[in-house]
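Asker: There's a structure below that I have some questions on.
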Amino acid sequence: MENLEKSEIVISKILSLLMEWGIRECELEFEELELDDEFRFFFFPCIEWLTDEGVIRTGEIHGELGGTGCGSVMNPVLTSYGLNVLGTRIQLGETEEKLSDAVKKVSAGSRSYAQFGDFVGGLLGGFTKSIGS
């Protein structure tokens, strides 16, 4: 599995949990994503990417140095912008669907969008395109 696909899965798991949890106090740790350790090193970079893109907001981030993926993220929550982006319809391969539905499919392991080509053709590319709109 390519690193892009791993990033896609981690981001999808994070977003799926945050959609399920809603707006509330919580603490997110890598273990809650229910992924193998090969995904651990993508956890904090994906959190930072989602935060930098304005899709999520977090409180304190407690991570260990060295990229171990150990630690926690306090009070992660989807922003209003993130909720808006997840509600947009995007073209993924030959189909158009709501971004939140695509995220749920990847999170459940039933689909990967990285197979449709380069970064621009996958779920992350669709997500990035939606953010830019």
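Each chain of the structure tokens is named A, B, ... in the order shown, its residues numbered from 1; ligands are numbered from 1 in display order.
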Need the shell around A:Ser72: protein/DNA/RNA residues with any atom at most 10 Å away, counting only C-alpha atoms. Skip same-chain ones fewer than 4 positions apart. Format as a JSON list (two decimals) with N, CA and C atoms, in the first residue's frame?

Answerer:
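Once everything was written out, this is out.json:
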[["chain", "number", "residue", "atom", "x", "y", "z"],
["A", 27, "GLU", "N", -11.18, 13.34, 23.49],
["A", 27, "GLU", "CA", -9.74, 13.16, 23.32],
["A", 27, "GLU", "C", -9.56, 12.07, 22.27],
["A", 28, "LEU", "N", -8.79, 12.36, 21.25],
["A", 28, "LEU", "CA", -8.57, 11.41, 20.17],
["A", 28, "LEU", "C", -7.16, 10.87, 20.23],
["A", 29, "GLU", "N", -7.06, 9.55, 20.24],
["A", 29, "GLU", "CA", -5.78, 8.87, 20.18],
["A", 29, "GLU", "C", -5.76, 7.97, 18.96],
["A", 30, "PHE", "N", -4.58, 7.64, 18.49],
["A", 30, "PHE", "CA", -4.44, 6.81, 17.30],
["A", 30, "PHE", "C", -5.21, 5.50, 17.44],
["A", 31, "GLU", "N", -5.18, 4.90, 18.61],
["A", 31, "GLU", "CA", -5.81, 3.59, 18.82],
["A", 31, "GLU", "C", -7.30, 3.61, 18.49],
["A", 43, "PHE", "N", -0.67, 9.59, 11.72],
["A", 43, "PHE", "CA", -1.71, 10.16, 12.57],
["A", 43, "PHE", "C", -1.54, 11.66, 12.79],
["A", 44, "PHE", "N", -0.44, 12.09, 13.38],
["A", 44, "PHE", "CA", -0.25, 13.51, 13.68],
["A", 44, "PHE", "C", -0.07, 14.36, 12.42],
["A", 60, "GLU", "N", -5.23, 21.22, 22.61],
["A", 60, "GLU", "CA", -3.82, 20.85, 22.72],
["A", 60, "GLU", "C", -3.56, 19.52, 22.03],
["A", 61, "ILE", "N", -2.36, 19.42, 21.46],
["A", 61, "ILE", "CA", -1.92, 18.17, 20.86],
["A", 61, "ILE", "C", -0.74, 17.68, 21.68],
["A", 62, "HIS", "N", -0.89, 16.48, 22.21],
["A", 62, "HIS", "CA", 0.16, 15.88, 23.05],
["A", 62, "HIS", "C", 0.74, 14.69, 22.29],
["A", 63, "GLY", "N", 1.86, 14.93, 21.61],
["A", 63, "GLY", "CA", 2.49, 13.86, 20.86],
["A", 63, "GLY", "C", 3.93, 13.67, 21.29],
["A", 64, "GLU", "N", 4.41, 12.44, 21.14],
["A", 64, "GLU", "CA", 5.79, 12.15, 21.47],
["A", 64, "GLU", "C", 6.69, 12.55, 20.31],
["A", 76, "PRO", "N", -10.76, 17.56, 19.32],
["A", 76, "PRO", "CA", -10.84, 17.79, 17.88],
["A", 76, "PRO", "C", -12.31, 17.88, 17.47]]

Asker: List as a tab-separated table (two decimals) with all heavy atoms, in the first residue's frame the protein and nucleic acid residues near A:Thr88, meaning an atom at most 9 Å away when only C-alpha atoms are counted, but skip any in the same chain fewer than 5 places from it.

Answerer:
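Below you can see around_27.tsv, which holds the result:
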chain	number	residue	atom	x	y	z
A	97	GLU	N	-20.25	11.82	-5.82
A	97	GLU	CA	-20.90	11.54	-4.55
A	97	GLU	C	-20.53	12.59	-3.52
A	97	GLU	O	-19.62	13.38	-3.72
A	97	GLU	CB	-20.58	10.14	-4.05
A	97	GLU	CG	-19.12	9.84	-3.79
A	97	GLU	CD	-18.92	8.38	-3.44
A	97	GLU	OE1	-19.33	7.97	-2.33
A	97	GLU	OE2	-18.33	7.66	-4.25
A	98	LYS	N	-21.29	12.58	-2.44
A	98	LYS	CA	-21.02	13.50	-1.35
A	98	LYS	C	-19.70	13.11	-0.70
A	98	LYS	O	-19.43	11.93	-0.50
A	98	LYS	CB	-22.16	13.40	-0.32
A	98	LYS	CG	-22.69	14.71	0.15
A	98	LYS	CD	-24.00	14.53	0.85
A	98	LYS	CE	-23.86	14.82	2.30
A	98	LYS	NZ	-25.14	14.79	3.00
A	99	LEU	N	-18.88	14.10	-0.40
A	99	LEU	CA	-17.57	13.83	0.18
A	99	LEU	C	-17.70	13.05	1.49
A	99	LEU	O	-16.92	12.13	1.74
A	99	LEU	CB	-16.81	15.14	0.40
A	99	LEU	CG	-15.38	15.01	0.90
A	99	LEU	CD1	-14.54	14.15	-0.03
A	99	LEU	CD2	-14.75	16.38	1.02
A	100	SER	N	-18.69	13.36	2.32
A	100	SER	CA	-18.84	12.64	3.58
A	100	SER	C	-19.13	11.15	3.34
A	100	SER	O	-18.66	10.30	4.10
A	100	SER	CB	-19.95	13.26	4.44
A	100	SER	OG	-21.19	13.21	3.76
A	130	SER	N	-12.24	20.46	-3.14
A	130	SER	CA	-13.40	21.02	-2.45
A	130	SER	C	-13.00	22.14	-1.51
A	130	SER	O	-13.69	23.14	-1.39
A	130	SER	CB	-14.11	19.93	-1.63
A	130	SER	OG	-14.67	18.98	-2.50

Asker: Measuring between only C-alpha atoms, which one of A:Val103, A:Cys26, A:Met74, A:Ile56 shows the shortest distance to A:Gly87?

Answerer: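 Using only C-alpha atoms, A:Gly87 sits closest to A:Val103.
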
Asker: Rank A:Met1, A:Cys70, A:Ile90, A:Leu33 by their smallest atom-to-atom distance to A:Ser16, using only C-alpha atoms, and report the top residue only.

Answerer: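 The closest residue to A:Ser16 is A:Leu33.
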
Asker: Mind running stretch 61-100 of chain A against stretch 2-15 of chain A at 12 Å and telling me each contacting residue's nearest atom pair with the distance in Å (one decimal), counting only C-alpha atoms, chain and number ascending, as a tab-separated table?

Answerer:
residue	atom	partner	partner_atom	distance
A:Gly69	CA	A:Val10	CA	11.7
A:Val73	CA	A:Ile14	CA	11.0
A:Pro76	CA	A:Ile14	CA	9.4
A:Val77	CA	A:Leu15	CA	9.0
A:Leu78	CA	A:Leu15	CA	7.9
A:Thr79	CA	A:Leu15	CA	11.2
A:Gly82	CA	A:Leu15	CA	9.4
A:Leu83	CA	A:Leu15	CA	10.0
A:Val85	CA	A:Leu15	CA	11.6
A:Leu86	CA	A:Leu15	CA	9.2
A:Leu99	CA	A:Ser12	CA	10.2
A:Ser100	CA	A:Leu15	CA	8.5

Asker: Between atom CA of A:Ala102 and atom CA of A:Asp52, what distance in Å does the model show, to one decimal?

Answerer: 21.3 Å

Asker: Could you please determine the separation between atom CA of A:Glu94 and atom CA of A:Met19 in Å, to one decimal place?

Answerer: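 Here the two named atoms are 25.7 Å from each other.
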